[in-house]
>>> print(open('input31.txt').read())   # compact mmCIF, C-alpha atoms
# COMPACT_ATOMS: atom_id res chain seq x y z
CA MET A 1 4.23 -18.52 -25.09
CA PRO A 2 1.27 -19.10 -22.78
CA GLU A 3 0.95 -16.55 -20.02
CA ALA A 4 0.71 -17.25 -16.30
CA VAL A 5 0.07 -15.18 -13.18
CA VAL A 6 2.45 -16.11 -10.38
CA LEU A 7 1.92 -15.08 -6.75
CA LEU A 8 5.27 -13.69 -5.62
CA SER A 9 5.72 -12.96 -1.93
CA GLY A 10 9.45 -12.29 -1.93
CA GLY A 11 10.17 -15.49 -0.04
CA LEU A 12 12.04 -18.60 -1.07
CA ASP A 13 9.11 -20.70 -2.22
CA SER A 14 7.28 -18.32 -4.52
CA ILE A 15 10.34 -17.37 -6.58
CA THR A 16 11.09 -21.07 -7.02
CA ALA A 17 7.53 -21.61 -8.24
CA LEU A 18 8.05 -18.72 -10.67
CA ALA A 19 11.31 -20.19 -11.99
CA LEU A 20 9.59 -23.56 -12.50
CA ALA A 21 6.77 -21.81 -14.39
CA GLN A 22 9.33 -20.17 -16.65
CA GLU A 23 11.06 -23.52 -17.19
CA GLN A 24 7.70 -24.95 -18.24
CA GLY A 25 7.53 -22.23 -20.91
CA PHE A 26 5.19 -19.70 -19.33
CA ASP A 27 5.53 -15.96 -19.84
CA CYS A 28 5.09 -14.84 -16.23
CA TYR A 29 3.21 -11.96 -14.64
CA ALA A 30 4.13 -11.63 -10.98
CA LEU A 31 1.60 -10.48 -8.39
CA SER A 32 2.51 -9.27 -4.90
CA LEU A 33 0.19 -7.99 -2.20
CA ASP A 34 0.86 -5.06 0.06
CA TYR A 35 -1.62 -6.28 2.66
CA GLY A 36 -0.43 -4.74 5.87
CA GLN A 37 2.11 -7.48 6.60
CA ARG A 38 4.65 -6.59 9.27
CA HIS A 39 7.48 -7.89 7.08
CA THR A 40 7.23 -5.31 4.30
CA ALA A 41 10.84 -6.06 3.39
CA GLU A 42 9.44 -9.01 1.46
CA LEU A 43 7.90 -6.57 -1.04
CA ALA A 44 11.31 -5.05 -1.83
CA ALA A 45 12.59 -8.60 -2.20
CA ALA A 46 9.73 -9.44 -4.56
CA GLN A 47 10.66 -6.48 -6.74
CA ARG A 48 14.34 -7.56 -6.89
CA LEU A 49 13.32 -11.14 -7.69
CA ALA A 50 10.83 -10.12 -10.36
CA ASP A 51 13.46 -7.94 -12.02
CA ALA A 52 16.11 -10.67 -11.89
CA ALA A 53 13.67 -13.23 -13.31
CA GLY A 54 12.69 -10.96 -16.17
CA VAL A 55 8.96 -11.24 -15.69
CA ARG A 56 6.66 -9.53 -18.16
CA GLU A 57 5.16 -7.36 -15.44
CA HIS A 58 5.23 -7.16 -11.65
CA LYS A 59 2.12 -5.74 -10.01
CA VAL A 60 1.73 -4.87 -6.33
CA ILE A 61 -1.90 -4.56 -5.23
CA GLN A 62 -2.82 -2.68 -2.07
CA LEU A 63 -5.13 -4.56 0.29
CA GLY A 64 -6.09 -3.38 3.76
CA LEU A 65 -5.93 -6.68 5.67
CA GLY A 66 -4.47 -4.75 8.59
CA ASP A 67 -8.04 -3.56 9.21
CA VAL A 68 -9.11 -7.19 9.64
CA GLY A 69 -6.21 -8.36 11.80
CA GLY A 70 -6.46 -11.69 13.55
CA SER A 71 -2.91 -12.75 12.73
CA ALA A 72 0.55 -12.02 14.06
CA LEU A 73 1.44 -10.91 10.53
CA THR A 74 -1.24 -8.23 10.27
CA ASP A 75 -1.76 -7.17 13.89
CA ASN A 76 1.23 -5.76 15.73
CA ALA A 77 -0.47 -6.58 19.05
CA ILE A 78 0.02 -10.30 18.33
CA ASP A 79 3.67 -11.37 18.62
CA VAL A 80 5.35 -13.67 16.10
CA PRO A 81 6.29 -16.79 18.13
CA ASP A 82 10.02 -17.33 18.64
CA HIS A 83 9.58 -21.10 18.93
CA ALA A 84 7.57 -23.91 17.32
CA THR A 85 3.94 -24.11 18.48
CA SER A 86 1.34 -26.86 18.17
CA GLY A 87 -1.61 -26.68 15.78
CA ILE A 88 -2.15 -23.89 13.28
CA PRO A 89 0.06 -21.01 14.48
CA VAL A 90 -0.95 -17.39 15.10
CA THR A 91 0.95 -16.39 11.96
CA TYR A 92 -1.90 -17.91 9.93
CA VAL A 93 -3.66 -15.03 8.13
CA PRO A 94 -7.36 -15.90 7.84
CA ALA A 95 -8.27 -16.79 4.26
CA ARG A 96 -5.07 -15.26 2.90
CA ASN A 97 -4.39 -17.68 0.06
CA THR A 98 -8.06 -17.62 -0.94
CA VAL A 99 -7.88 -13.85 -1.22
CA PHE A 100 -4.53 -13.88 -3.04
CA LEU A 101 -5.55 -16.57 -5.53
CA SER A 102 -8.80 -14.69 -6.18
CA LEU A 103 -6.84 -11.58 -7.06
CA ALA A 104 -4.48 -13.60 -9.26
CA LEU A 105 -7.54 -15.09 -10.96
CA GLY A 106 -8.99 -11.66 -11.63
CA TRP A 107 -5.76 -10.43 -13.17
CA ALA A 108 -5.43 -13.63 -15.23
CA GLU A 109 -8.90 -13.04 -16.64
CA VAL A 110 -7.99 -9.51 -17.63
CA LEU A 111 -4.79 -10.76 -19.31
CA GLY A 112 -6.47 -13.71 -20.99
CA ALA A 113 -4.16 -16.10 -19.10
CA TRP A 114 -5.38 -19.53 -17.96
CA ASP A 115 -2.64 -20.54 -15.56
CA LEU A 116 -1.97 -19.50 -11.96
CA PHE A 117 1.10 -20.48 -9.95
CA ILE A 118 1.36 -20.45 -6.17
CA GLY A 119 4.36 -21.61 -4.14
CA VAL A 120 2.49 -23.39 -1.37
CA ASN A 121 4.06 -26.40 0.25
CA ALA A 122 2.47 -29.06 2.43
CA VAL A 123 5.61 -30.84 3.63
CA ASP A 124 7.96 -28.47 5.48
CA TYR A 125 5.29 -25.90 6.31
CA SER A 126 3.48 -24.32 9.22
CA GLY A 127 0.26 -26.30 8.91
CA TYR A 128 -1.72 -23.54 7.24
CA PRO A 129 -4.99 -24.99 5.89
CA ASP A 130 -4.73 -23.00 2.66
CA CYS A 131 -1.46 -24.65 1.67
CA ARG A 132 -2.89 -28.16 1.22
CA PRO A 133 -3.63 -30.03 -2.04
CA GLU A 134 -7.37 -30.25 -1.29
CA PHE A 135 -7.53 -26.46 -0.98
CA ILE A 136 -5.75 -25.95 -4.29
CA ALA A 137 -8.08 -28.42 -6.05
CA ALA A 138 -11.16 -26.73 -4.58
CA PHE A 139 -9.94 -23.30 -5.65
CA GLU A 140 -9.33 -24.49 -9.20
CA ARG A 141 -12.86 -25.85 -9.35
CA LEU A 142 -14.22 -22.55 -8.02
CA ALA A 143 -12.19 -20.55 -10.52
CA ASN A 144 -13.91 -22.27 -13.39
CA LEU A 145 -17.36 -21.47 -11.99
CA ALA A 146 -16.55 -17.92 -10.92
CA THR A 147 -15.36 -16.43 -14.17
CA ARG A 148 -16.38 -15.37 -17.63
CA GLY A 149 -13.63 -17.58 -19.03
CA GLY A 150 -14.82 -20.64 -17.16
CA VAL A 151 -18.45 -20.12 -18.15
CA GLU A 152 -17.46 -19.66 -21.79
CA GLY A 153 -15.70 -23.03 -21.84
CA GLY A 154 -12.12 -22.19 -20.92
CA LYS A 155 -10.20 -23.94 -18.18
CA PHE A 156 -8.12 -22.31 -15.48
CA THR A 157 -5.37 -24.40 -13.92
CA VAL A 158 -3.88 -23.68 -10.50
CA HIS A 159 -0.31 -24.96 -10.38
CA ALA A 160 1.32 -25.65 -7.03
CA PRO A 161 4.61 -27.17 -8.19
CA LEU A 162 6.19 -27.24 -4.72
CA ILE A 163 3.31 -28.78 -2.86
CA ASN A 164 4.87 -32.20 -2.35
CA LEU A 165 8.53 -31.16 -2.14
CA SER A 166 10.59 -30.90 1.02
CA LYS A 167 12.17 -27.51 1.69
CA ALA A 168 15.56 -29.03 0.81
CA ASP A 169 14.17 -30.25 -2.53
CA ILE A 170 12.73 -26.80 -3.24
CA ILE A 171 16.12 -25.21 -2.61
CA ARG A 172 17.89 -27.75 -4.82
CA GLU A 173 15.42 -26.99 -7.62
CA GLY A 174 15.94 -23.27 -7.20
CA ILE A 175 19.73 -23.55 -7.27
CA ARG A 176 19.49 -25.66 -10.42
CA LEU A 177 17.38 -22.90 -11.97
CA GLY A 178 19.86 -20.18 -11.01
CA ILE A 179 17.94 -18.42 -8.25
CA ASP A 180 20.00 -16.25 -5.93
CA TYR A 181 18.30 -16.93 -2.61
CA ALA A 182 20.24 -14.07 -1.03
CA ASN A 183 17.58 -11.89 -2.69
CA THR A 184 14.72 -13.57 -0.83
CA VAL A 185 13.16 -12.68 2.52
CA SER A 186 11.29 -15.39 4.42
CA CYS A 187 11.29 -14.05 7.98
CA TYR A 188 7.94 -12.97 9.47
CA SER A 189 9.76 -10.31 11.48
CA ALA A 190 12.34 -9.27 8.90
CA ASP A 191 13.82 -5.85 9.60
CA SER A 192 13.58 -3.06 7.06
CA ASP A 193 16.83 -4.28 5.51
CA GLY A 194 15.36 -7.77 5.02
CA ARG A 195 17.44 -9.44 7.73
CA GLY A 196 15.82 -12.40 9.49
CA CYS A 197 15.13 -12.92 13.18
CA GLY A 198 16.45 -16.48 13.05
CA VAL A 199 13.84 -17.85 15.45
CA CYS A 200 10.40 -17.67 13.81
CA ASP A 201 8.83 -20.63 12.03
CA ALA A 202 9.71 -19.23 8.61
CA CYS A 203 13.37 -18.73 9.56
CA ARG A 204 13.55 -22.17 11.13
CA LEU A 205 12.07 -24.02 8.13
CA ARG A 206 14.33 -22.06 5.78
CA ALA A 207 17.53 -22.78 7.71
CA GLU A 208 16.67 -26.47 7.99
CA GLY A 209 16.07 -26.54 4.24
CA PHE A 210 19.52 -25.22 3.41
CA ARG A 211 21.10 -27.65 5.88
CA GLY A 212 19.12 -30.54 4.40
CA ALA A 213 20.08 -29.58 0.88
CA GLY A 214 23.75 -29.25 1.83
CA ILE A 215 23.84 -25.79 0.30
CA PRO A 216 25.46 -22.75 1.98
CA ASP A 217 22.72 -20.59 3.52
CA PRO A 218 22.95 -16.99 2.24
CA THR A 219 20.41 -15.68 4.76
CA ARG A 220 21.38 -12.54 6.65
CA TYR A 221 20.25 -12.33 10.26
CA ALA A 222 19.70 -9.28 12.42
CA ARG A 223 21.16 -10.98 15.48
CA MET B 1 -27.15 -14.24 18.85
CA PRO B 2 -24.98 -15.87 16.18
CA GLU B 3 -22.83 -13.46 14.24
CA ALA B 4 -22.70 -13.07 10.47
CA VAL B 5 -20.58 -11.09 8.03
CA VAL B 6 -22.69 -9.47 5.33
CA LEU B 7 -21.26 -8.02 2.12
CA LEU B 8 -22.84 -4.58 1.78
CA SER B 9 -22.34 -2.72 -1.49
CA GLY B 10 -24.77 0.13 -0.91
CA GLY B 11 -27.15 -1.19 -3.54
CA LEU B 12 -30.66 -2.53 -3.26
CA ASP B 13 -29.87 -6.23 -3.06
CA SER B 14 -27.19 -6.32 -0.38
CA ILE B 15 -29.16 -4.29 2.17
CA THR B 16 -32.12 -6.60 1.62
CA ALA B 17 -29.86 -9.60 2.26
CA LEU B 18 -28.69 -7.88 5.45
CA ALA B 19 -32.25 -7.26 6.62
CA LEU B 20 -33.11 -10.91 5.98
CA ALA B 21 -30.04 -11.98 7.98
CA GLN B 22 -31.21 -9.82 10.87
CA GLU B 23 -34.70 -11.27 10.60
CA GLN B 24 -33.14 -14.74 10.86
CA GLY B 25 -31.58 -13.66 14.14
CA PHE B 26 -28.02 -12.85 13.12
CA ASP B 27 -25.97 -10.10 14.70
CA CYS B 28 -24.54 -8.54 11.55
CA TYR B 29 -21.11 -7.19 10.66
CA ALA B 30 -21.21 -5.33 7.35
CA LEU B 31 -18.27 -5.36 4.95
CA SER B 32 -17.85 -2.94 2.06
CA LEU B 33 -14.99 -2.72 -0.39
CA ASP B 34 -13.41 0.48 -1.64
CA TYR B 35 -12.01 -1.25 -4.72
CA GLY B 36 -11.60 1.54 -7.23
CA GLN B 37 -15.20 1.38 -8.43
CA ARG B 38 -16.31 4.38 -10.46
CA HIS B 39 -19.55 4.62 -8.47
CA THR B 40 -18.01 5.53 -5.10
CA ALA B 41 -21.34 7.02 -4.06
CA GLU B 42 -22.34 3.46 -3.21
CA LEU B 43 -19.88 3.53 -0.30
CA ALA B 44 -21.60 6.54 1.25
CA ALA B 45 -24.87 4.69 0.73
CA ALA B 46 -23.45 1.60 2.44
CA GLN B 47 -22.53 3.71 5.45
CA ARG B 48 -26.06 5.21 5.67
CA LEU B 49 -27.62 1.76 5.31
CA ALA B 50 -25.35 0.16 7.89
CA ASP B 51 -26.16 2.92 10.36
CA ALA B 52 -29.90 2.66 9.74
CA ALA B 53 -29.80 -1.13 10.11
CA GLY B 54 -27.92 -0.91 13.39
CA VAL B 55 -25.17 -3.35 12.45
CA ARG B 56 -22.60 -4.27 15.06
CA GLU B 57 -19.77 -2.88 12.91
CA HIS B 58 -19.30 -1.61 9.38
CA LYS B 59 -15.86 -2.08 7.89
CA VAL B 60 -14.61 -0.66 4.59
CA ILE B 61 -11.52 -2.43 3.25
CA GLN B 62 -9.29 -0.75 0.68
CA LEU B 63 -8.47 -2.89 -2.35
CA GLY B 64 -6.61 -1.68 -5.43
CA LEU B 65 -8.63 -3.40 -8.16
CA GLY B 66 -8.23 -0.26 -10.24
CA ASP B 67 -4.67 -1.48 -10.87
CA VAL B 68 -6.08 -4.65 -12.42
CA GLY B 69 -8.83 -3.06 -14.52
CA GLY B 70 -10.57 -5.11 -17.15
CA SER B 71 -14.04 -3.85 -16.29
CA ALA B 72 -16.09 -0.76 -17.00
CA LEU B 73 -16.45 -0.41 -13.23
CA THR B 74 -12.72 -0.24 -12.50
CA ASP B 75 -11.27 1.23 -15.70
CA ASN B 76 -12.48 4.66 -16.74
CA ALA B 77 -11.34 3.94 -20.30
CA ILE B 78 -14.14 1.36 -20.64
CA ASP B 79 -17.58 2.98 -20.84
CA VAL B 80 -20.60 1.68 -18.92
CA PRO B 81 -23.08 0.60 -21.63
CA ASP B 82 -26.23 2.73 -21.89
CA HIS B 83 -28.24 -0.18 -23.30
CA ALA B 84 -28.64 -3.93 -22.78
CA THR B 85 -25.87 -6.04 -24.30
CA SER B 86 -25.64 -9.76 -25.05
CA GLY B 87 -23.53 -12.19 -23.02
CA ILE B 88 -21.61 -11.23 -19.91
CA PRO B 89 -21.35 -7.42 -20.00
CA VAL B 90 -18.22 -5.28 -19.67
CA THR B 91 -19.38 -4.25 -16.20
CA TYR B 92 -18.37 -7.72 -14.99
CA VAL B 93 -15.39 -7.28 -12.64
CA PRO B 94 -13.14 -10.33 -13.00
CA ALA B 95 -13.37 -12.58 -9.93
CA ARG B 96 -15.01 -9.84 -7.86
CA ASN B 97 -17.35 -11.94 -5.77
CA THR B 98 -14.61 -14.52 -5.18
CA VAL B 99 -12.38 -11.76 -3.83
CA PHE B 100 -15.17 -10.18 -1.76
CA LEU B 101 -16.35 -13.47 -0.25
CA SER B 102 -12.73 -14.36 0.56
CA LEU B 103 -12.36 -11.13 2.49
CA ALA B 104 -15.67 -11.72 4.26
CA LEU B 105 -14.47 -15.20 5.13
CA GLY B 106 -11.24 -13.85 6.60
CA TRP B 107 -13.11 -11.36 8.76
CA ALA B 108 -15.59 -14.04 9.84
CA GLU B 109 -12.71 -16.21 10.99
CA VAL B 110 -11.28 -13.37 13.04
CA LEU B 111 -14.70 -12.72 14.61
CA GLY B 112 -15.46 -16.38 15.19
CA ALA B 113 -18.54 -16.11 12.95
CA TRP B 114 -19.64 -19.03 10.77
CA ASP B 115 -22.15 -17.34 8.48
CA LEU B 116 -21.62 -15.16 5.42
CA PHE B 117 -24.38 -13.34 3.54
CA ILE B 118 -24.17 -12.08 -0.02
CA GLY B 119 -26.98 -10.44 -1.98
CA VAL B 120 -26.39 -12.12 -5.31
CA ASN B 121 -29.33 -12.82 -7.56
CA ALA B 122 -29.56 -15.13 -10.55
CA VAL B 123 -32.97 -14.08 -11.88
CA ASP B 124 -33.08 -10.35 -12.70
CA TYR B 125 -29.31 -9.97 -13.04
CA SER B 126 -26.64 -9.14 -15.56
CA GLY B 127 -25.45 -12.69 -16.16
CA TYR B 128 -22.35 -12.44 -13.99
CA PRO B 129 -20.91 -15.93 -13.46
CA ASP B 130 -20.18 -15.26 -9.79
CA CYS B 131 -23.85 -14.65 -8.97
CA ARG B 132 -25.00 -18.21 -9.70
CA PRO B 133 -25.95 -20.94 -7.20
CA GLU B 134 -23.16 -23.26 -8.36
CA PHE B 135 -20.61 -20.56 -7.61
CA ILE B 136 -21.98 -20.01 -4.10
CA ALA B 137 -21.95 -23.75 -3.38
CA ALA B 138 -18.36 -24.07 -4.62
CA PHE B 139 -17.25 -21.13 -2.51
CA GLU B 140 -18.84 -22.61 0.60
CA ARG B 141 -17.00 -25.86 -0.01
CA LEU B 142 -13.74 -23.98 -0.49
CA ALA B 143 -14.30 -21.95 2.68
CA ASN B 144 -14.36 -25.10 4.75
CA LEU B 145 -11.07 -26.32 3.29
CA ALA B 146 -9.33 -22.93 3.35
CA THR B 147 -9.63 -22.03 7.00
CA ARG B 148 -8.55 -22.92 10.49
CA GLY B 149 -12.20 -23.16 11.50
CA GLY B 150 -13.03 -25.58 8.71
CA VAL B 151 -10.02 -27.79 9.43
CA GLU B 152 -10.87 -27.85 13.11
CA GLY B 153 -14.35 -29.19 12.40
CA GLY B 154 -16.47 -26.05 12.14
CA LYS B 155 -18.77 -25.31 9.23
CA PHE B 156 -19.05 -22.06 7.32
CA THR B 157 -22.32 -21.39 5.54
CA VAL B 158 -22.66 -18.96 2.64
CA HIS B 159 -26.19 -17.58 2.53
CA ALA B 160 -27.52 -16.09 -0.69
CA PRO B 161 -31.12 -15.45 0.33
CA LEU B 162 -32.01 -13.50 -2.84
CA ILE B 163 -30.57 -15.91 -5.35
CA ASN B 164 -33.90 -17.24 -6.64
CA LEU B 165 -36.00 -14.10 -6.17
CA SER B 166 -37.10 -11.72 -8.89
CA LYS B 167 -36.11 -8.08 -8.41
CA ALA B 168 -39.75 -7.28 -7.64
CA ASP B 169 -39.82 -9.99 -4.95
CA ILE B 170 -36.60 -8.62 -3.43
CA ILE B 171 -38.12 -5.15 -3.24
CA ARG B 172 -41.32 -6.49 -1.68
CA GLU B 173 -39.27 -8.31 0.95
CA GLY B 174 -37.26 -5.18 1.67
CA ILE B 175 -40.34 -3.00 2.04
CA ARG B 176 -41.83 -5.59 4.41
CA LEU B 177 -38.62 -5.36 6.47
CA GLY B 178 -38.71 -1.54 6.57
CA ILE B 179 -35.84 -0.71 4.25
CA ASP B 180 -35.79 2.82 2.87
CA TYR B 181 -34.57 2.19 -0.66
CA ALA B 182 -34.09 5.93 -1.15
CA ASN B 183 -30.85 5.34 0.77
CA THR B 184 -29.51 2.85 -1.78
CA VAL B 185 -27.40 3.46 -4.87
CA SER B 186 -27.48 0.86 -7.65
CA CYS B 187 -26.27 2.84 -10.66
CA TYR B 188 -22.86 1.93 -12.13
CA SER B 189 -22.36 5.57 -13.10
CA ALA B 190 -23.95 7.22 -10.08
CA ASP B 191 -22.86 10.80 -9.62
CA SER B 192 -21.17 11.96 -6.43
CA ASP B 193 -24.60 12.68 -4.96
CA GLY B 194 -25.73 9.11 -5.64
CA ARG B 195 -28.10 10.00 -8.47
CA GLY B 196 -28.54 7.34 -11.15
CA CYS B 197 -27.95 7.56 -14.90
CA GLY B 198 -31.23 5.79 -15.65
CA VAL B 199 -29.84 3.85 -18.60
CA CYS B 200 -27.25 1.33 -17.35
CA ASP B 201 -28.10 -2.30 -16.65
CA ALA B 202 -28.25 -1.71 -12.90
CA CYS B 203 -30.65 1.24 -13.27
CA ARG B 204 -32.80 -0.68 -15.73
CA LEU B 205 -33.14 -3.79 -13.55
CA ARG B 206 -33.88 -1.64 -10.53
CA ALA B 207 -36.58 0.42 -12.23
CA GLU B 208 -38.23 -2.70 -13.64
CA GLY B 209 -38.21 -4.19 -10.15
CA PHE B 210 -40.12 -1.28 -8.62
CA ARG B 211 -42.59 -1.33 -11.51
CA GLY B 212 -43.07 -5.08 -11.12
CA ALA B 213 -43.57 -4.79 -7.38
CA GLY B 214 -46.07 -1.96 -7.83
CA ILE B 215 -44.12 0.16 -5.38
CA PRO B 216 -43.26 3.83 -5.95
CA ASP B 217 -39.63 4.12 -7.08
CA PRO B 218 -37.66 6.49 -4.82
CA THR B 219 -34.61 6.54 -7.11
CA ARG B 220 -33.19 9.94 -7.91
CA TYR B 221 -31.82 10.39 -11.41
CA ALA B 222 -29.26 12.86 -12.68
CA ARG B 223 -31.15 13.42 -15.90
>>> encode(input="input31.txt", output="structure tokens")
Amino acid sequence: MPEAVVLLSGGLDSITALALAQEQGFDCYALSLDYGQRHTAELAAAQRLADAAGVREHKVIQLGLGDVGGSALTDNAIDVPDHATSGIPVTYVPARNTVFLSLALGWAEVLGAWDLFIGVNAVDYSGYPDCRPEFIAAFERLANLATRGGVEGGKFTVHAPLINLSKADIIREGIRLGIDYANTVSCYSADSDGRGCGVCDACRLRAEGFRGAGIPDPTRYAR
Amino acid sequence: MPEAVVLLSGGLDSITALALAQEQGFDCYALSLDYGQRHTAELAAAQRLADAAGVREHKVIQLGLGDVGGSALTDNAIDVPDHATSGIPVTYVPARNTVFLSLALGWAEVLGAWDLFIGVNAVDYSGYPDCRPEFIAAFERLANLATRGGVEGGKFTVHAPLINLSKADIIREGIRLGIDYANTVSCYSADSDGRGCGVCDACRLRAEGFRGAGIPDPTRYAR
């Protein structure tokens, strides 16, 4: 079986991307980042999801993005909005997916794997620049210039299997693949028990997805 | 003054890149990574160099690359070669410059800076893929797709002012700019006092550079 490194946040999208990678026949290595995010409950969720999915290995890398700040997710002085905002929201973490994919690429090189999976979505999303198809294509190109494997003639592929799906479609795919979404945490302000706030962008997109898919929403809310 | 984020390792090249950025009129923010490298003495060197250069701020971000391994620099079970080897050497850290530039990019976005400096060199170097001009160009392109600033019409520039210089030329430039290279640590196996091994690739390239430049070598060796 070919091996793949899958970025696993603990949210709804990334575990669906992982399940799709497994369906495609990849032996999956899951990578999570402990980057100073306020919603650390997602890391406990990632561990539960990785265990349930039977990944080959789940690695959590420490990364001090809290020292950089500049986002509501990494700086407690910036509030997570409780309503939709225009433009790219303050929950955008500068260069986050570039950093995360770079780390996945490094691990893939060590493993000898050629495939990366990331659960970005450019339909029902918050407008983050690093979730768009042109970003994924540019990263793949970079990956093949940046690495020993690329220079020696190999070819890394960055898979973003959810990129053109609606949130409802993603949930339908996940249910088909047997994912228990009760194990996932999407909320930017999740409490330590993983319960959502119900009002942030992530909660809103998630709830709309379950409604759109006509599937009972297992999300637990703090209020 | 425009602001720039400069990757500062503590070695000879990166401080020269920083001095060139300052000469070009940039107000510099220095970024170092505590990534599990065996030669942690370079971080103390980076702090001395940042202080001496009078940077606006010097940040050290923690990053657990030791958990990924795959390089003589991040895995103590892999020895640093004491002689030249063919091909890309085992001191190559998978995707390191991609990760480091991504972090510099994130900090630049938070600062509102548009310029990144990295002291890579593709002449007297160890053949690392992520030190080549095509890598730098691809990263710059990615940066402008990955970020809020890029999407909103700004333009990030990745400067690699040493990329086509010989090591001797780099040293001549640094001396012209007043750098005290006694403060730098290049050795992959530097001891806790920053003294070099004298036999690794980094020590060899450095020593040849001083000889080529006809400048007394201030490097301290452990043996």
>>> residues_around(input="input31.txt", residues="A:Ala77", least_positions_apart="5", cutoff="12 Å", atoms="only C-alpha atoms", output="ChimeraX atom specification")
/A:38,66,69-72,90
>>> write_last_selection(input="input31.txt", atoms="C-alpha atoms", output="PDB file, in the frame of the given file")
ATOM      1  CA  ARG A  38       4.650  -6.590   9.270  1.00  0.00           C
ATOM      2  CA  GLY A  66      -4.470  -4.750   8.590  1.00  0.00           C
ATOM      3  CA  GLY A  69      -6.210  -8.360  11.800  1.00  0.00           C
ATOM      4  CA  GLY A  70      -6.460 -11.690  13.550  1.00  0.00           C
ATOM      5  CA  SER A  71      -2.910 -12.750  12.730  1.00  0.00           C
ATOM      6  CA  ALA A  72       0.550 -12.020  14.060  1.00  0.00           C
ATOM      7  CA  VAL A  90      -0.950 -17.390  15.100  1.00  0.00           C
TER       8      VAL A  90
END
>>> atom_distance(input="input31.txt", atom1="atom CA of B:Ala122", atom2="atom CA of B:Thr157")
18.7 Å
>>> interface_residues(input="input31.txt", of="chain A", to="chain B", cutoff="8 Å", atoms="only C-alpha atoms", output="number ranges by chain")
A: 61-65, 67-70, 88, 93-99, 102-103, 105-107, 109-110, 128-130, 134-135, 138-139, 141-142, 145-148, 151
>>> closest_residue(input="input31.txt", among="B:Ile15, B:Cys203, B:Ala113, B:Ala84", to="B:Glu3", atoms="all atoms listed in the file")
B:Ala113
>>> closest_residue(input="input31.txt", among="A:Trp114, A:Thr74, A:His58, A:His39", to="A:Ala4", atoms="only C-alpha atoms")
A:Trp114
>>> axis_aligned_box(input="input31.txt", around="stretch 171-175 of chain B", padding_each_side="8 Å", output="JSON")
{"center_x": -39.3, "center_y": -5.7, "center_z": -0.6, "size_x": 20.1, "size_y": 21.3, "size_z": 21.3}
>>> atom_distance(input="input31.txt", atom1="atom CA of A:Asp217", atom2="atom CA of A:Pro161")
22.5 Å
>>> atom_distance(input="input31.txt", atom1="atom CA of B:Asp82", atom2="atom CA of B:Arg172")
26.9 Å
>>> residues_near_point(input="input31.txt", point="(-33.2, -2.9, -10.7)", cutoff="12 Å", atoms="all atoms listed in the file", output="PyMOL selection string")
chain B and resi 11-13+121+123-126+166-171+181+184-188+196+198-213+217-219
>>> closest_residue(input="input31.txt", among="A:Ala41, A:Val158, A:Cys28, A:Ala182", to="A:Val120", atoms="all atoms listed in the file")
A:Val158
>>> residues_near_point(input="input31.txt", point="(-20.0, -2.6, 2.0)", cutoff="6 Å", atoms="all atoms listed in the file", output="mmCIF file with C-alpha atoms, in the frame of the given file")
data_model
loop_
_atom_site.group_PDB
_atom_site.id
_atom_site.type_symbol
_atom_site.label_atom_id
_atom_site.label_comp_id
_atom_site.auth_asym_id
_atom_site.auth_seq_id
_atom_site.Cartn_x
_atom_site.Cartn_y
_atom_site.Cartn_z
ATOM 1 C CA LEU B 7 -21.260 -8.020 2.120
ATOM 2 C CA LEU B 8 -22.840 -4.580 1.780
ATOM 3 C CA SER B 9 -22.340 -2.720 -1.490
ATOM 4 C CA LEU B 31 -18.270 -5.360 4.950
ATOM 5 C CA SER B 32 -17.850 -2.940 2.060
ATOM 6 C CA LEU B 33 -14.990 -2.720 -0.390
ATOM 7 C CA ALA B 46 -23.450 1.600 2.440
#
>>> residues_around(input="input31.txt", residues="B:Tyr221", least_positions_apart="2", cutoff="6 Å", atoms="all atoms listed in the file", output="list in words")
Arg195, Gly196, Cys197 and Arg223 of chain B
>>> write_last_selection(input="input31.txt", atoms="C-alpha atoms", output="PDB file, in the frame of the given file")
ATOM      1  CA  ARG B 195     -28.100  10.000  -8.470  1.00  0.00           C
ATOM      2  CA  GLY B 196     -28.540   7.340 -11.150  1.00  0.00           C
ATOM      3  CA  CYS B 197     -27.950   7.560 -14.900  1.00  0.00           C
ATOM      4  CA  ARG B 223     -31.150  13.420 -15.900  1.00  0.00           C
TER       5      ARG B 223
END
>>> decode(input="input31.txt", residues="stretch 18-35 of chain A", atoms="C-alpha atoms", output="mmCIF file, in the first residue's frame")
data_model
loop_
_atom_site.group_PDB
_atom_site.id
_atom_site.type_symbol
_atom_site.label_atom_id
_atom_site.label_comp_id
_atom_site.auth_asym_id
_atom_site.auth_seq_id
_atom_site.Cartn_x
_atom_site.Cartn_y
_atom_site.Cartn_z
ATOM 1 C CA LEU A 18 -8.377 10.923 5.750
ATOM 2 C CA ALA A 19 -11.233 8.459 5.194
ATOM 3 C CA LEU A 20 -11.185 9.238 1.462
ATOM 4 C CA ALA A 21 -7.418 8.652 1.402
ATOM 5 C CA GLN A 22 -7.933 5.276 3.036
ATOM 6 C CA GLU A 23 -10.681 4.443 0.529
ATOM 7 C CA GLN A 24 -8.217 5.254 -2.251
ATOM 8 C CA GLY A 25 -5.881 2.634 -0.772
ATOM 9 C CA PHE A 26 -3.392 4.772 1.136
ATOM 10 C CA ASP A 27 -1.774 3.679 4.377
ATOM 11 C CA CYS A 28 -2.202 6.894 6.361
ATOM 12 C CA TYR A 29 0.075 8.779 8.733
ATOM 13 C CA ALA A 30 -1.839 11.529 10.509
ATOM 14 C CA LEU A 31 -0.187 14.816 11.449
ATOM 15 C CA SER A 32 -1.629 17.305 13.936
ATOM 16 C CA LEU A 33 -0.122 20.579 15.097
ATOM 17 C CA ASP A 34 -0.140 21.864 18.627
ATOM 18 C CA TYR A 35 0.381 25.446 17.503
#
